[in-house]
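See below for model_33.cif, which holds mmCIF, C-alpha atoms and all ligand atoms.
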data_my_file
#
loop_
_atom_site.label_atom_id
_atom_site.label_comp_id
_atom_site.auth_asym_id
_atom_site.auth_seq_id
_atom_site.Cartn_x
_atom_site.Cartn_y
_atom_site.Cartn_z
CA MET A 1 -107.79 76.96 12.92
CA SER A 2 -107.78 77.75 9.21
CA ARG A 3 -104.49 77.70 7.36
CA ILE A 4 -103.21 81.08 6.24
CA ALA A 5 -101.69 81.73 2.82
CA TYR A 6 -99.68 84.70 1.63
CA VAL A 7 -100.61 85.99 -1.85
CA ASN A 8 -99.03 89.13 -3.30
CA GLY A 9 -98.89 91.11 -0.07
CA ARG A 10 -101.97 89.72 1.66
CA TYR A 11 -102.41 87.08 4.34
CA LEU A 12 -105.67 85.18 3.81
CA PRO A 13 -107.33 81.91 4.84
CA VAL A 14 -106.22 79.35 2.23
CA ARG A 15 -109.75 78.89 0.91
CA GLN A 16 -110.12 82.62 0.20
CA ALA A 17 -106.68 83.01 -1.37
CA GLN A 18 -106.80 83.38 -5.15
CA ILE A 19 -104.68 84.10 -8.19
CA ALA A 20 -105.83 85.31 -11.62
CA ILE A 21 -106.73 82.76 -14.32
CA GLU A 22 -104.24 84.40 -16.67
CA ASP A 23 -101.37 83.85 -14.29
CA ARG A 24 -98.50 82.39 -16.31
CA GLY A 25 -97.87 79.84 -13.59
CA PHE A 26 -101.36 78.46 -14.18
CA GLN A 27 -101.26 78.63 -17.98
CA PHE A 28 -97.63 77.74 -18.75
CA ALA A 29 -96.08 76.48 -15.48
CA ASP A 30 -93.91 79.59 -16.00
CA GLY A 31 -92.55 79.81 -12.49
CA VAL A 32 -90.27 78.44 -9.80
CA TYR A 33 -90.67 77.24 -6.25
CA GLU A 34 -88.82 76.41 -3.08
CA VAL A 35 -89.65 74.18 -0.15
CA PHE A 36 -88.20 75.44 3.11
CA PRO A 37 -88.19 72.71 5.75
CA VAL A 38 -88.97 73.63 9.33
CA TYR A 39 -87.58 71.65 12.23
CA ALA A 40 -87.82 72.45 15.92
CA GLY A 41 -89.60 75.65 14.85
CA HIS A 42 -86.74 76.91 12.68
CA ILE A 43 -86.19 77.12 8.93
CA VAL A 44 -83.47 74.63 8.01
CA ASN A 45 -80.65 75.54 5.58
CA HIS A 46 -82.48 78.78 4.94
CA ALA A 47 -79.65 80.63 3.15
CA TRP A 48 -78.99 77.72 0.79
CA HIS A 49 -82.68 77.50 -0.17
CA LEU A 50 -82.69 81.24 -0.94
CA GLN A 51 -79.53 80.82 -2.97
CA ARG A 52 -81.12 78.07 -5.07
CA LEU A 53 -84.25 80.19 -5.50
CA SER A 54 -82.04 82.97 -6.78
CA GLN A 55 -80.47 80.58 -9.33
CA SER A 56 -83.88 79.31 -10.48
CA LEU A 57 -85.20 82.87 -10.92
CA ALA A 58 -82.10 83.93 -12.81
CA ALA A 59 -82.29 80.89 -15.13
CA LEU A 60 -85.85 81.84 -16.12
CA ARG A 61 -85.18 85.61 -16.05
CA ILE A 62 -87.93 86.26 -13.49
CA ASP A 63 -87.34 89.20 -11.13
CA TRP A 64 -87.41 88.83 -7.35
CA PRO A 65 -90.91 90.02 -6.36
CA LEU A 66 -89.43 91.30 -3.08
CA PRO A 67 -85.89 91.44 -1.70
CA PRO A 68 -84.76 88.12 -0.15
CA ALA A 69 -84.62 89.68 3.32
CA VAL A 70 -88.30 90.66 3.06
CA LEU A 71 -89.19 87.18 1.80
CA THR A 72 -87.52 85.79 4.89
CA LEU A 73 -89.68 87.99 7.12
CA ILE A 74 -92.79 86.71 5.32
CA LEU A 75 -91.66 83.09 5.76
CA LYS A 76 -91.19 83.64 9.49
CA ASP A 77 -94.52 85.42 9.72
CA MET A 78 -96.16 82.46 7.98
CA LEU A 79 -94.74 80.07 10.58
CA ARG A 80 -96.23 82.18 13.33
CA ARG A 81 -99.60 82.69 11.65
CA ASN A 82 -99.93 78.97 10.91
CA ARG A 83 -98.69 78.04 14.40
CA ILE A 84 -95.93 75.79 13.14
CA ILE A 85 -93.93 75.29 16.26
CA ASP A 86 -92.21 71.98 15.55
CA GLY A 87 -91.93 70.23 12.17
CA GLY A 88 -93.33 71.64 8.96
CA MET A 89 -92.69 73.07 5.55
CA LEU A 90 -93.05 76.41 3.82
CA TYR A 91 -93.89 76.32 0.13
CA LEU A 92 -92.94 79.43 -1.84
CA GLN A 93 -93.88 79.91 -5.49
CA ILE A 94 -93.00 82.75 -7.81
CA THR A 95 -94.43 82.97 -11.31
CA ARG A 96 -93.75 85.44 -14.12
CA GLY A 97 -97.08 87.11 -13.33
CA VAL A 98 -100.43 87.80 -14.98
CA SER A 99 -100.72 88.66 -18.67
CA PRO A 100 -102.97 87.72 -21.65
CA ARG A 101 -101.86 84.30 -22.84
CA ASN A 102 -98.91 84.52 -25.19
CA HIS A 103 -95.88 82.24 -25.07
CA ALA A 104 -93.21 84.93 -25.21
CA PHE A 105 -92.52 86.96 -22.05
CA PRO A 106 -95.05 89.72 -21.29
CA VAL A 107 -94.09 93.35 -21.75
CA PRO A 108 -91.77 94.69 -19.03
CA GLY A 109 -93.55 95.86 -15.90
CA VAL A 110 -95.67 92.78 -15.26
CA ARG A 111 -95.16 91.96 -11.60
CA PRO A 112 -94.23 88.38 -10.61
CA THR A 113 -96.82 86.54 -8.52
CA LEU A 114 -95.71 85.46 -5.06
CA VAL A 115 -97.52 82.78 -3.07
CA VAL A 116 -96.47 81.20 0.22
CA THR A 117 -98.23 78.38 2.05
CA ALA A 118 -97.25 76.51 5.19
CA ARG A 119 -98.18 73.23 6.74
CA PRO A 120 -97.07 71.04 9.61
CA VAL A 121 -95.22 67.80 8.89
CA ASP A 122 -95.63 64.78 11.14
CA MET A 123 -91.96 64.29 11.95
CA ALA A 124 -92.64 61.33 14.26
CA ALA A 125 -94.17 59.44 11.31
CA ARG A 126 -91.11 60.22 9.16
CA HIS A 127 -88.73 59.08 11.91
CA ALA A 128 -90.75 55.85 12.20
CA GLN A 129 -90.58 55.35 8.41
CA ALA A 130 -86.83 55.83 8.45
CA GLU A 131 -86.51 52.97 10.94
CA ILE A 132 -88.19 50.69 8.39
CA GLY A 133 -86.88 52.23 5.16
CA VAL A 134 -88.74 52.66 1.87
CA ARG A 135 -89.21 50.71 -1.34
CA VAL A 136 -88.72 52.53 -4.64
CA ILE A 137 -89.15 51.81 -8.34
CA SER A 138 -87.14 52.82 -11.41
CA VAL A 139 -88.74 54.67 -14.33
CA PRO A 140 -87.39 55.99 -17.65
CA GLU A 141 -85.99 59.53 -17.45
CA ASN A 142 -88.46 61.58 -19.50
CA ARG A 143 -88.02 65.07 -18.05
CA TRP A 144 -86.73 68.13 -19.86
CA THR A 145 -83.00 68.83 -19.89
CA ARG A 146 -82.87 71.65 -17.31
CA ARG A 147 -83.67 69.72 -14.16
CA ASP A 148 -81.36 72.00 -12.18
CA ILE A 149 -84.06 74.70 -12.26
CA LYS A 150 -86.64 74.22 -9.53
CA SER A 151 -89.47 74.90 -11.95
CA VAL A 152 -93.15 74.28 -11.14
CA SER A 153 -93.38 72.32 -14.38
CA LEU A 154 -93.41 68.88 -12.74
CA LEU A 155 -95.60 66.70 -14.97
CA ALA A 156 -93.01 63.97 -15.49
CA ASN A 157 -92.25 63.93 -11.75
CA ILE A 158 -95.94 63.69 -10.89
CA LEU A 159 -96.55 60.79 -13.28
CA ALA A 160 -93.48 58.98 -11.98
CA LYS A 161 -94.56 59.45 -8.38
CA GLN A 162 -98.09 58.29 -9.14
CA GLY A 163 -96.64 55.20 -10.83
CA ALA A 164 -94.66 54.53 -7.66
CA ALA A 165 -97.71 55.02 -5.44
CA GLU A 166 -99.74 52.60 -7.57
CA ARG A 167 -97.04 49.99 -7.04
CA GLY A 168 -96.87 50.58 -3.29
CA ALA A 169 -93.51 52.36 -3.52
CA ALA A 170 -92.45 55.62 -1.89
CA GLU A 171 -90.42 57.08 -4.74
CA ALA A 172 -89.59 56.70 -8.43
CA LEU A 173 -85.96 56.87 -9.56
CA PHE A 174 -85.25 58.24 -13.02
CA VAL A 175 -82.91 56.17 -15.20
CA ASN A 176 -81.73 57.76 -18.45
CA ASP A 177 -81.23 56.09 -21.83
CA ARG A 178 -77.60 55.28 -20.91
CA GLY A 179 -78.78 53.36 -17.83
CA ILE A 180 -77.60 56.14 -15.48
CA LEU A 181 -79.67 56.77 -12.38
CA THR A 182 -80.13 60.53 -12.02
CA GLU A 183 -82.37 61.23 -9.01
CA GLY A 184 -85.80 60.61 -7.51
CA ALA A 185 -89.02 62.35 -8.58
CA SER A 186 -88.73 64.55 -5.47
CA SER A 187 -85.44 63.52 -3.88
CA THR A 188 -81.72 63.11 -4.38
CA PHE A 189 -80.61 59.49 -4.67
CA TRP A 190 -77.48 58.08 -3.02
CA MET A 191 -75.87 54.68 -2.95
CA ILE A 192 -73.12 53.47 -0.66
CA THR A 193 -70.68 51.26 -2.50
CA ARG A 194 -69.29 47.98 -1.15
CA GLU A 195 -66.20 50.03 -0.16
CA GLY A 196 -68.41 52.37 1.89
CA VAL A 197 -68.22 55.41 -0.42
CA LEU A 198 -71.24 57.75 -0.39
CA THR A 199 -72.01 58.17 -4.07
CA THR A 200 -74.40 60.54 -5.80
CA HIS A 201 -74.92 61.98 -9.29
CA PRO A 202 -72.76 65.06 -10.06
CA LEU A 203 -74.34 68.52 -10.31
CA GLY A 204 -75.17 69.91 -13.75
CA HIS A 205 -78.32 70.21 -15.81
CA ASP A 206 -79.38 66.59 -15.14
CA ILE A 207 -80.41 66.92 -11.48
CA LEU A 208 -81.75 69.44 -9.03
CA PRO A 209 -78.95 70.72 -6.77
CA GLY A 210 -80.50 69.35 -3.57
CA VAL A 211 -79.94 71.47 -0.49
CA THR A 212 -79.95 68.36 1.72
CA ARG A 213 -77.43 66.82 -0.73
CA ARG A 214 -75.20 69.83 -0.17
CA ALA A 215 -75.51 69.49 3.62
CA ILE A 216 -74.72 65.76 3.54
CA LEU A 217 -71.66 66.31 1.33
CA ALA A 218 -70.40 68.96 3.75
CA MET A 219 -71.02 66.74 6.77
CA ALA A 220 -69.73 63.37 5.51
CA PRO A 221 -65.97 64.01 5.90
CA GLU A 222 -66.50 64.99 9.54
CA LEU A 223 -68.04 61.55 10.05
CA GLY A 224 -65.03 59.94 8.36
CA LEU A 225 -67.03 59.09 5.25
CA GLN A 226 -65.66 59.33 1.73
CA THR A 227 -67.89 60.88 -0.94
CA ASP A 228 -67.94 60.62 -4.70
CA GLU A 229 -70.02 62.71 -7.13
CA ARG A 230 -70.10 60.61 -10.28
CA GLU A 231 -72.50 58.94 -12.68
CA PHE A 232 -73.54 55.41 -11.80
CA SER A 233 -75.96 52.95 -13.34
CA LEU A 234 -79.09 51.33 -11.99
CA ALA A 235 -77.29 47.99 -12.42
CA GLU A 236 -74.44 49.14 -10.15
CA THR A 237 -76.92 50.49 -7.63
CA LEU A 238 -78.63 47.13 -7.29
CA GLN A 239 -75.33 45.74 -5.95
CA ALA A 240 -74.85 48.61 -3.47
CA ARG A 241 -74.21 48.08 0.23
CA GLU A 242 -76.82 50.68 1.16
CA ALA A 243 -79.01 53.26 -0.55
CA PHE A 244 -80.91 56.28 0.66
CA LEU A 245 -82.80 59.36 -0.48
CA THR A 246 -82.42 62.92 0.74
CA SER A 247 -84.88 65.78 0.60
CA ALA A 248 -85.79 68.86 2.57
CA THR A 249 -88.58 67.27 4.60
CA ASN A 250 -87.44 63.63 4.64
CA PHE A 251 -83.83 64.37 5.58
CA VAL A 252 -82.10 60.99 5.03
CA MET A 253 -84.51 58.17 4.15
CA PRO A 254 -83.04 54.65 3.81
CA VAL A 255 -84.01 52.65 0.70
CA ILE A 256 -84.43 48.91 1.27
CA GLN A 257 -85.67 47.77 -2.14
CA ILE A 258 -85.42 48.98 -5.75
CA ASP A 259 -87.91 47.30 -8.11
CA ALA A 260 -87.68 43.58 -7.18
CA GLN A 261 -84.11 43.85 -5.80
CA ILE A 262 -83.53 43.96 -2.05
CA ILE A 263 -80.70 46.34 -1.11
CA GLY A 264 -78.21 45.04 1.49
CA ASN A 265 -80.07 42.86 3.98
CA GLY A 266 -83.43 44.54 3.34
CA LYS A 267 -83.15 46.76 6.38
CA PRO A 268 -82.01 50.41 6.68
CA GLY A 269 -78.22 50.44 6.51
CA ALA A 270 -76.06 51.44 9.48
CA ILE A 271 -74.33 54.28 7.60
CA SER A 272 -77.64 55.68 6.30
CA LEU A 273 -79.10 55.71 9.81
CA ALA A 274 -75.95 57.26 11.28
CA LEU A 275 -76.10 60.01 8.64
CA ARG A 276 -79.75 60.67 9.42
CA LYS A 277 -79.04 60.89 13.15
CA SER A 278 -76.10 63.20 12.63
CA TYR A 279 -78.02 65.42 10.20
CA ILE A 280 -80.90 65.80 12.66
CA GLU A 281 -78.51 66.62 15.51
CA ARG A 282 -77.01 69.35 13.38
CA ILE A 283 -80.28 70.97 12.37
CA GLU A 284 -81.54 70.81 15.92
N1 LIG B 301 -84.53 66.31 -6.76
C1 LIG B 301 -85.79 66.67 -7.03
C2 LIG B 301 -86.35 66.44 -8.40
C3 LIG B 301 -86.58 67.27 -6.03
O1 LIG B 301 -87.84 67.65 -6.31
C4 LIG B 301 -86.03 67.44 -4.74
C5 LIG B 301 -86.81 68.05 -3.67
O2 LIG B 301 -87.96 68.34 -3.78
C6 LIG B 301 -84.72 67.03 -4.50
C7 LIG B 301 -83.99 66.47 -5.55
C8 LIG B 301 -84.08 67.21 -3.16
O3 LIG B 301 -83.75 68.56 -2.92
P1 LIG B 301 -83.75 69.17 -1.46
O4 LIG B 301 -82.77 68.37 -0.67
O5 LIG B 301 -83.32 70.57 -1.65
O6 LIG B 301 -85.14 69.03 -0.94
#
Please express the file's structure as structure tokens.
Amino acid sequence: MSRIAYVNGRYLPVRQAQIAIEDRGFQFADGVYEVFPVYAGHIVNHAWHLQRLSQSLAALRIDWPLPPAVLTLILKDMLRRNRIIDGGMLYLQITRGVSPRNHAFPVPGVRPTLVVTARPVDMAARHAQAEIGVRVISVPENRWTRRDIKSVSLLANILAKQGAAERGAAEALFVNDRGILTEGASSTFWMITREGVLTTHPLGHDILPGVTRRAILAMAPELGLQTDEREFSLAETLQAREAFLTSATNFVMPVIQIDAQIIGNGKPGAISLALRKSYIERIE
């Protein structure tokens, strides 16, 4: 079965789907995106993903191509057309549209480009990975200063992730020039202090406001866990009791090693695994 993409009002096999070469997403990375996770056939944290999309669009002054309710219908249609019945992800991208190349915004009236793709995710493999945990590396923070916008301009993230892959690691953690660990190339980073406090970088321009981050912060007190949104250094992290990553399709992924340093006893921590279990129960 061929995968189906949605492009500006049309559903097409992915290989036939096209956008114009003067699309500003292609020429300038002038656009935003969202990843909607799908679990047990349903879109997870759907309203929060739409809310973040709204913030990203507003920050770049790009209009909604369609009302959010219509976008939701398209997302659901895409699940059906791509036969995603269990785990998967929907990728939605909106760019400022097609116009002769010129840095400043095009004249009013240019319609934003809307693309949606879908694909299944092997959830069993991710569950198995979580039982083992992942190794990560640290890299210098070299991204622009508006990381809160989910922009398709991801060069620094791509290079960081490739660096991680070449060193056999699953993720790269950005560390700024003050030694502060901000987040992963495609995930929110968390450490659990020796006192058992779930700690993550505060919101602001320095990190993407992760939707899974938001869900974990909302859930933690119900599990009797204390949370703290504050800056912390890589050095402090290396002494942590546990560490984990969160993202839309990985949920909670325990971290067992950062660079050469083993975290805890080198196995996924009990709190991290309990959080993962609880999160999955909730989204089910
Ligand atoms: N930070 C960055 C840079 C990301 O790209 C992502 C997800 O792709 C996240 C954090 C986690 O966000 P979410 O939990 O919404 O997937």
Using all atoms listed in the file, determine which residues lie at most 12 Å from Trp190 (chain A), disregarding the query and same-chain residues fewer than 4 positions distant; provide the list as a VMD selection string.
chain A and resid 173 181 to 184 196 to 202 210 212 to 213 216 to 217 227 to 234 236 to 238 240 to 247 252 to 255 271 to 272 275
Keeping only C-alpha atoms, write the selected residues to a file as an mmCIF file, in the frame of the given file.
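The resulting file, out-v3.cif, is shown below:
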data_model
loop_
_atom_site.group_PDB
_atom_site.id
_atom_site.type_symbol
_atom_site.label_atom_id
_atom_site.label_comp_id
_atom_site.auth_asym_id
_atom_site.auth_seq_id
_atom_site.Cartn_x
_atom_site.Cartn_y
_atom_site.Cartn_z
ATOM 1 C CA LEU A 173 -85.960 56.870 -9.560
ATOM 2 C CA LEU A 181 -79.670 56.770 -12.380
ATOM 3 C CA THR A 182 -80.130 60.530 -12.020
ATOM 4 C CA GLU A 183 -82.370 61.230 -9.010
ATOM 5 C CA GLY A 184 -85.800 60.610 -7.510
ATOM 6 C CA GLY A 196 -68.410 52.370 1.890
ATOM 7 C CA VAL A 197 -68.220 55.410 -0.420
ATOM 8 C CA LEU A 198 -71.240 57.750 -0.390
ATOM 9 C CA THR A 199 -72.010 58.170 -4.070
ATOM 10 C CA THR A 200 -74.400 60.540 -5.800
ATOM 11 C CA HIS A 201 -74.920 61.980 -9.290
ATOM 12 C CA PRO A 202 -72.760 65.060 -10.060
ATOM 13 C CA GLY A 210 -80.500 69.350 -3.570
ATOM 14 C CA THR A 212 -79.950 68.360 1.720
ATOM 15 C CA ARG A 213 -77.430 66.820 -0.730
ATOM 16 C CA ILE A 216 -74.720 65.760 3.540
ATOM 17 C CA LEU A 217 -71.660 66.310 1.330
ATOM 18 C CA THR A 227 -67.890 60.880 -0.940
ATOM 19 C CA ASP A 228 -67.940 60.620 -4.700
ATOM 20 C CA GLU A 229 -70.020 62.710 -7.130
ATOM 21 C CA ARG A 230 -70.100 60.610 -10.280
ATOM 22 C CA GLU A 231 -72.500 58.940 -12.680
ATOM 23 C CA PHE A 232 -73.540 55.410 -11.800
ATOM 24 C CA SER A 233 -75.960 52.950 -13.340
ATOM 25 C CA LEU A 234 -79.090 51.330 -11.990
ATOM 26 C CA GLU A 236 -74.440 49.140 -10.150
ATOM 27 C CA THR A 237 -76.920 50.490 -7.630
ATOM 28 C CA LEU A 238 -78.630 47.130 -7.290
ATOM 29 C CA ALA A 240 -74.850 48.610 -3.470
ATOM 30 C CA ARG A 241 -74.210 48.080 0.230
ATOM 31 C CA GLU A 242 -76.820 50.680 1.160
ATOM 32 C CA ALA A 243 -79.010 53.260 -0.550
ATOM 33 C CA PHE A 244 -80.910 56.280 0.660
ATOM 34 C CA LEU A 245 -82.800 59.360 -0.480
ATOM 35 C CA THR A 246 -82.420 62.920 0.740
ATOM 36 C CA SER A 247 -84.880 65.780 0.600
ATOM 37 C CA VAL A 252 -82.100 60.990 5.030
ATOM 38 C CA MET A 253 -84.510 58.170 4.150
ATOM 39 C CA PRO A 254 -83.040 54.650 3.810
ATOM 40 C CA VAL A 255 -84.010 52.650 0.700
ATOM 41 C CA ILE A 271 -74.330 54.280 7.600
ATOM 42 C CA SER A 272 -77.640 55.680 6.300
ATOM 43 C CA LEU A 275 -76.100 60.010 8.640
#
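Distance check against ligand LIG 301 (chain B) using all atoms listed in the file: of A:Asp122, A:Glu34, A:Asp77, A:Glu222, the minimum falls on A:Glu34.
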Pick from A:Met123, A:Ile4, A:Val152, A:Val116, whichever lies nearest to Leu57 (chain A) using all atoms listed in the file:
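The shortest atom-to-atom distance to Leu57 (chain A) comes from A:Val152.
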Go through A:Arg282, A:Arg194, A:Lys150, A:Arg111 and flag the residue nearest Gln93 (chain A), using all atoms listed in the file for the distances.
A:Lys150
Spatial neighbours of Asp63 (chain A), max dist 12 Å, all atoms listed in the file, sep filter under 3 positions, as a list in words
Gly31, Val32, Leu53, Ser54, Gln55, Ser56, Leu57, Ala58, Ala59, Leu60, Leu66, Pro67, Pro68, Ile94, Thr95, Arg96, Gly97, Pro108, Gly109, Val110, Arg111, Pro112, Thr113 and Leu114 of chain A
Measuring between only C-alpha atoms and all ligand atoms, which one of A:Gly269, A:Gly168, A:Pro100, A:Pro209 shows the shortest distance to ligand LIG 301 (chain B)?
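Answer, going by the shortest atom-to-atom distance: A:Pro209.
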Padding of 6 Å on every side, edges along x, y and z, all listed atoms of ligand LIG 301 (chain B) included: what centre and edge lengths in Å, to one decimal, does that box have, as lines of an AutoDock Vina configuration file?
center_x = -85.4
center_y = 68.4
center_z = -4.5
size_x = 17.2
size_y = 16.3
size_z = 19.7
Length of the CA of Val136 (chain A) to CA of Gln257 (chain A) vector [Å]:
6.2 Å
To one decimal place in Å, what is the distance between atom C5 of ligand LIG 301 (chain B) and CA of Arg214 (chain A)?
12.3 Å
Taking all atoms listed in the file into account, which of A:Ile180, A:Leu50, A:Arg119, A:Phe26 comes nearest Val70 (chain A)?
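Distance minimum relative to Val70 (chain A) lands on A:Leu50.
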Of the residues A:Tyr6, A:Tyr91, A:Phe251, A:Trp144, which is the one nearest to ligand LIG 301 (chain B), using all atoms listed in the file?
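The shortest atom-to-atom distance to ligand LIG 301 (chain B) comes from A:Phe251.
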Quick one: distance from CA of Ala40 (chain A) to CA of Ala128 (chain A) in Å, one decimal?
17.3 Å
